[in-house]
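The structure under discussion appears below in the form of structure tokens.
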Amino acid sequence: RRGAPVAAGRMHSLAASREGLLWSWGQNTYEQLGLGDGDAGQENLPPGTRAAPCVGGHAAPSARRCVRSPSQVSALSAEKVTLLAAGGDHSAAGTAVGRVYTWGWAAQGQLGRPADKNSPRSVPGLVAALSDSRVTDLSCGACHTLACTARGEVFSWGCGTNGELGHGDSFNRHSPELIEALVTVHACAVAAGEHHSVALSAADGAVFAWGHGRGGRLGLGNGEEGSALLPQRVSALSGVAIASVAAGASHTLAVSAAGRHYAWGSLDALGYENEELRNQPTPAELQLSEQL
């Protein structure tokens with residue numbers, strides 16, 4: 001049984017209750033908490049005081065706000081939230097009926113709402129371009145967003161500078177666009193890293209990766225600077241049925257249906273004890289202890 005969703009962004013957090021109510025806390029500089037007034041979390045402080053910045057020991061401009069305890073996102077109280085994703089400074093939520101809402105920083109198009117691209121959005125807004133699709137998975141990168149539908153389609157929007165949108169170019173998209181290269185894959189899951197993306201095929205557990213490839217985070221084995229503007233199959237995992245994927249800033253993880261764990265990208269994040277290697281450009285199995 002799938003539990004209630006949670007998501008962690010760069011400096012903010014999201015969580016939904018089993019009833020589908022949404023809560024958020026953390027940094028709110030770009031309204032990534034979706035609380036609407038920008039001052040939620042301040043009301044319980046003594047008169048004349050304000051919450052300190054989240055970054056301990058560093059001065060912050062007055063616009064930088066921090067909400068230190070979970071606050072309900074009332075704008076979505078009528079929806080049952082079943083999916084959550086948190087990016088660098090933006091957030092996304094999916095509902096039980098497959099609708100998608102986004103909020104936060106919007107400059108690169110990461111909200112998928114063209115009319116709201118010039119300033120942060122403090123209240124969750126419907127991604128109307130996906131209204132005809134039932135979204136079953138969501139993921140946010142630093143400045144881009146991915147969505148997977150019940151039909152196995154993958155849509156992307158936001159910053160495309162590093163090819164992380166998978167459309168064969170490096171342009172931004174302010175509205176969700178179908179990734180044509182994945183139409184025949186029938187994807188069941190997506191994962192957005194900082195500047196790269198991953199999709200998982202429902203048919204055979206194949207993994208596809210694209211975007212910024214520095215450090216081997218795509219797993220394609222084509223060197224430090226090997227980026228991809230279109231989704232590429234991670235051939236090193238051919239014959240392995242992958243069940244789930246995750247993407248970090250500079251590395252990628254996968255778990256097979258048999259329970260084996262694979263990792264690739266920056267060695268600093270991978271858990272390999274090989275000081276001779278700087279990066280792992282293709283998937284390698286992690287030897288986890290039995291306690292895990």
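Here, A, B, ... name the chains of the structure tokens in the order displayed, residue numbers run from 1 inside each chain, and ligands are numbered from 1 in the same displayed order.
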Taking only C-alpha atoms into account, produce a table as JSON lines in which each residue of stretch 121-206 of chain A with an atom at most 6 Å from an atom of stretch 227-251 of chain A appears once, together with its shortest atom pair and the distance in Å to one decimal, ordered by chain and rising number.
{"residue": "A:Gly163", "atom": "CA", "partner": "A:Leu229", "partner_atom": "CA", "distance": 4.3}
{"residue": "A:Gly166", "atom": "CA", "partner": "A:Leu230", "partner_atom": "CA", "distance": 4.5}
{"residue": "A:His167", "atom": "CA", "partner": "A:Leu230", "partner_atom": "CA", "distance": 5.9}
{"residue": "A:Gly168", "atom": "CA", "partner": "A:Leu229", "partner_atom": "CA", "distance": 4.6}
{"residue": "A:Asp169", "atom": "CA", "partner": "A:Leu229", "partner_atom": "CA", "distance": 5.9}
{"residue": "A:Ala191", "atom": "CA", "partner": "A:Ala246", "partner_atom": "CA", "distance": 5.4}
{"residue": "A:Ala192", "atom": "CA", "partner": "A:Ala247", "partner_atom": "CA", "distance": 5.8}
{"residue": "A:Gly193", "atom": "CA", "partner": "A:Ala247", "partner_atom": "CA", "distance": 4.5}
{"residue": "A:Glu194", "atom": "CA", "partner": "A:Ala249", "partner_atom": "CA", "distance": 4.5}
{"residue": "A:Asp204", "atom": "CA", "partner": "A:Ala241", "partner_atom": "CA", "distance": 5.9}
{"residue": "A:Gly205", "atom": "CA", "partner": "A:Ala241", "partner_atom": "CA", "distance": 4.3}
- Message: What's around A:Gly141 at 8 Å? Count only C-alpha atoms, leave out sequence neighbours fewer than 3 positions away in its own chain, and write the answer as a VMD selection string.
- Response: chain A and resid 86 to 88 144 to 145 192 to 196
- Extract, using only C-alpha atoms, all DNA, RNA and protein residues at most 8 Å from A:Ala107, discarding same-chain residues fewer than 2 positions from it, and format them as number ranges by chain. A: 105, 109-110, 117-120
- Message: With only C-alpha atoms as the counted atoms, please give the residues lying no more than 9 Å from stretch 71-75 of chain A, apart from itself and same-chain residues fewer than 4 positions off, as a PyMOL selection string.
- Response: chain A and resi 21-25+33-36+40-41+67+79+123-125
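Between atom CA of A:Ser197 and atom CA of A:Ile179 the separation is 11.7 Å.
The gap separating atom CA of A:Cys159 from atom CA of A:Cys143 is 5.5 Å, in Å to one decimal.
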- Message: One decimal, in Å: what's the spacing between atom CA of A:Ser122 and atom CA of A:Glu31?
- Response: 4.7 Å
- Task: Extract the full set of strand (DSSP E or B) residues from stretch 136-192 of chain A according to DSSP on the backbone, and format it as JSON, numbers by chain.
- Result: {"A": [136, 137, 138, 139, 140, 144, 145, 146, 147, 148, 149, 154, 155, 156, 157, 158, 173, 174, 175, 176, 177, 178, 187, 188, 189, 190, 191, 192]}
Let me see the file: selected residues, C-alpha atoms, as an mmCIF file, in the first residue's frame.
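Contents of again_37.cif, as written:
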data_model
loop_
_atom_site.group_PDB
_atom_site.id
_atom_site.type_symbol
_atom_site.label_atom_id
_atom_site.label_comp_id
_atom_site.auth_asym_id
_atom_site.auth_seq_id
_atom_site.Cartn_x
_atom_site.Cartn_y
_atom_site.Cartn_z
ATOM 1 C CA THR A 136 0.218 9.508 -12.079
ATOM 2 C CA ASP A 137 3.751 10.704 -11.271
ATOM 3 C CA LEU A 138 5.453 14.071 -10.776
ATOM 4 C CA SER A 139 9.007 15.255 -10.209
ATOM 5 C CA CYS A 140 10.678 18.668 -9.931
ATOM 6 C CA HIS A 144 12.100 22.076 -14.499
ATOM 7 C CA THR A 145 9.168 19.745 -13.948
ATOM 8 C CA LEU A 146 8.214 16.298 -15.257
ATOM 9 C CA ALA A 147 4.844 14.548 -15.312
ATOM 10 C CA CYS A 148 3.888 10.997 -16.262
ATOM 11 C CA THR A 149 0.321 10.132 -17.231
ATOM 12 C CA VAL A 154 5.833 12.031 -20.279
ATOM 13 C CA PHE A 155 5.456 15.812 -20.307
ATOM 14 C CA SER A 156 8.159 18.327 -19.381
ATOM 15 C CA TRP A 157 8.361 22.074 -18.892
ATOM 16 C CA GLY A 158 10.579 24.764 -17.402
ATOM 17 C CA ARG A 173 9.042 25.683 -22.118
ATOM 18 C CA HIS A 174 6.393 27.627 -20.202
ATOM 19 C CA SER A 175 3.711 25.015 -20.786
ATOM 20 C CA PRO A 176 3.849 21.191 -20.585
ATOM 21 C CA GLU A 177 5.050 19.586 -23.803
ATOM 22 C CA LEU A 178 4.883 15.907 -24.682
ATOM 23 C CA ALA A 187 6.575 5.302 -18.990
ATOM 24 C CA CYS A 188 5.353 4.630 -15.456
ATOM 25 C CA ALA A 189 7.675 6.878 -13.429
ATOM 26 C CA VAL A 190 9.857 9.960 -13.798
ATOM 27 C CA ALA A 191 12.652 11.538 -11.758
ATOM 28 C CA ALA A 192 14.086 15.027 -12.159
#
